Amino acid sequence: MGRVSAFADKIRWYVGSLMGDSHYRRYVEYQNRAHPGEPLLSESGYWRMRHDMTDRSPTPRCC
Amino acid sequence: MGSPTTAPPEPIEEIRGDVTYIRTDKNLPPVAIVDRSPITTRHKLVFGSIAVLGSLAWAVIAFMRGETVNAVWFVIAAICTYVLGFRFYGRLIEMKIVRPRDDYATPAEIYENGTDYMPTDRRVLYGHHFAAIAGAGPLVGPVLATQMGYLPSAIWIIIGAVFAGCVQDYLVLAISTRRRGRSLGQMARDELGPIGGTAAIIGVLVIMVILLAVLGLVVVNALAESPWGVFSIAMTIPIAIFMGLYLRYLRPGRVTEVTLLGIVLLLIAVVAGGWVAQTTWGTEWFTLSKSTLSWCIIIYGFAASVMPVWLLLAPRDYLSTFMKVGTIALLALGIVIARPVMQAPAISQFAKSGAGPVFAGSLFPFLFITIACGALSGFHSLIASGTTPKLLEKEGQMRLIGYGGMATESFVAVMALITASILNQHLYFAINAPGAQTGRAAQSAAEYVNGLGLSGRAITAAEITDAANSVGEKSIVSRTGGAPTLAFGMAEVLSKAFGGSGLKAFWYHFAIMFEALFILTTVDAGTRVARFMLSDGLSNLGGPLRRLHDPSWKVGAWTCSLIVVGAWGSILLMGVSDPLGGINTLFPLFGIANQLLAAIALTVVTVVVIKMGLLKWAWIPGVPLLWDLAVTLTASWQKIFSGDPKLGYWTQHFQYRGAQESGKTSFGSAKDADQLSDVVRNTFIQGTLSIVFAVVVIIVVITAVITALRSIRGSGRPLAAENPVPSRIFGPARLVATPLEREVQKQWDALAPSPTKSVGTSGH
């Protein structure tokens, strides 16, 4: 059972990192490490900022 | 964050046996491992057996005649070749040209900001990179190329990827990473000077426009007169908007959750499409002609490019990423379970005669134009420069991401080739020959394909109609563009592997939906990217245009969007109205455009390699460059100068114009005066575009040759690489970390609180 749940955790981790679920946690970790004490954006504020950035510099998708 | 101008301090090296550990800070664990251990016997045995197995598979594919070849041999040959290519050729490029330094920080580490610059776990980045480079291209090209038989296509897809496509992607990623993640256009300007750079940027923009137009045409051809398909694609828009609102207002950041929800809704939409298509109102509303559909896509493209990304583009991208990875894995599994046999010949009569109905022209150069993505795709250089370096953790991981990512895309192309080759060949040509030849009806199509001299039993009109009914369509005659053929083949494989023939219609429309989803994502994102390129380029002209630099200036953004959409939209409309058959004439232009972009990328890479003083190794990007130039310039030459009206745009143009001037109202494929003037206008635009493409690339190559010669003589522009910044993070280079890498990773994980930690490596 331990193996199965470890494998499921890995899949969850992978999909979550690929799709972006972990991005906010990543941002919080980064802010705490690089700019401790500065105000943090809320999760919805963070995603607003991300999408505004993509609005201004979109990334291409290939054919 | 390191300042980019200071010279890096000496790294601290610690040598233990064959292994060197490099530190950039004596208080931190090593940031790089250089392992010079000799190759073990086990390693030799493993790769030796892969080589034997791969050769066996290739021998079966190439020399088995008179008997049907099982598709599984293609899967084995492809995988063995990629593994060997990655391990040996990729490694050679790594050692001789790229020379990754894991003690140098990547752009992701230097500019880390918690949002778009972020060192990302290599396995996650591999997924990101693959999702960004793979799309409908590798699925459609091989399907069309099947007209020449499976063997030439299989060789080009697999060998082309190993020696050209993977090399381009890997090296562009490497030089962009050493240049703070600069884009291809910027690198061309830095390395080749203003003339070559400007030509490259104009080239990228024009090429993008034609790519978007042809991808739009593929969707239009797949959906025209198919209420089921139109309904399920139309539903993706409200589904995406729902997802966007959910993420914005209900549960921000729960991306996987909302994507799974979206996928379920999408599957329901595909199933519901079948019911809707059976009702009278459904048929009435959703049976759209090609030109109506084109206008829908044009309006959609414009709307998507000016709407906020969170509402439509981002959620659609999530769906597309998930579907891409999921469906491709499903198809691979399906092929291995169903083990279908090839129906296409190894080399068809059309490979020799060059008179095939799907696309005109002989094997050289047109096979290599038709299969662009999957073997060598210039578009990838736009992702490998700029986008991926912002997320790259370590230089040592570039081989896995650049070379390995392209090998995976090539494998997708192999699967597309398999799905087209397992179809009954008479059926294949009934689907893929233009309407002017098949007469658009089952009876005339059966007569036409039976007259082609294909091997195997002749087909009847009833069999063609039955095939259409089996996937829930009224007709499949002349559904050109590759997507319906692929969907048909996928339905065959997947219904055989999972769920039986009762699900065939579901799988067909599932496949159509999945291809259209990719393409519309590319159209959204591509229009937006092209709009930014255009406003960037225009703002550099100065004067009042300088205001375009400000992306929040709505008038400017809307005008540029309108120009971009107008450009690809008019080519799309030209394609659907073309009496000669849009795919037949436009697909070669798409392939030429993509391959010319590859020529620009490989030119920049080759110049950089020469400037680095590695003239001895310049053949690594140089040989694929010369091959690509030979292919594209021959194809352009034939498209511009060929006297055969099926091939040469201008010959066709003057023939039809002559007919028009002499007062005829019908000529060749044109049935009336309107169609005649359509052909005259279309061939003029196609011919002009061919000339523009070729001229732009010739300018880039000439400036590159001058730059390279100056560099060899020791004068000229210096290399534009940036000063390295010492790295302060660690990440394994291999897909599966080696014991040494794991040991160092443990030392980093033990640091508490971790000073720097890559995204995702903390997961377990």
# chains A, B, ... in the order shown; residues from 1 in each chain; ligands from 1
$ interface_residues --of "chain B" --to "chain A" --cutoff "6 Å" --atoms "only C-alpha atoms" --output "list of chain:residue names"
B:Gly114, B:Val124, B:Ala132, B:Ile133, B:Gly135, B:Ala136, B:Gly137, B:Pro252, B:Gly253, B:Arg254, B:Val255, B:Val309, B:Trp310, B:Thr522, B:Ala525, B:Gly526, B:Val529
$ residues_around --residues "B:Thr559" --least-positions-apart "3" --cutoff "12 Å" --atoms "only C-alpha atoms" --output "CSV table (one decimal) with C-alpha atoms, in the first residue's frame"
chain,number,residue,atom,x,y,z
B,302,PHE,CA,-9.6,38.4,-33.1
B,305,SER,CA,-6.4,38.0,-29.0
B,306,VAL,CA,-8.0,41.1,-27.4
B,531,ARG,CA,0.4,41.2,-32.6
B,532,PHE,CA,3.2,41.9,-30.1
B,534,LEU,CA,4.1,43.7,-35.1
B,535,SER,CA,3.6,46.4,-32.5
B,538,LEU,CA,6.3,49.2,-35.8
B,545,LEU,CA,4.2,54.7,-33.8
B,548,LEU,CA,2.8,51.1,-29.7
B,551,PRO,CA,0.8,47.5,-24.4
B,553,TRP,CA,-2.8,51.5,-25.3
B,554,LYS,CA,-6.0,49.8,-26.5
B,555,VAL,CA,-6.3,51.4,-29.9
B,556,GLY,CA,-2.9,50.3,-30.9
B,562,LEU,CA,-6.8,43.5,-36.6
B,563,ILE,CA,-3.9,43.6,-39.0
B,564,VAL,CA,-2.6,40.2,-37.9
B,565,VAL,CA,-6.0,38.5,-38.0
B,566,GLY,CA,-6.7,40.2,-41.3
$ select_by_dssp --residues "stretch 183-296 of chain B" --states "alpha helix (DSSP H)" --output "PyMOL selection string"
chain B and resi 184-192+194-223+227-245+255-276+280-286+290-296
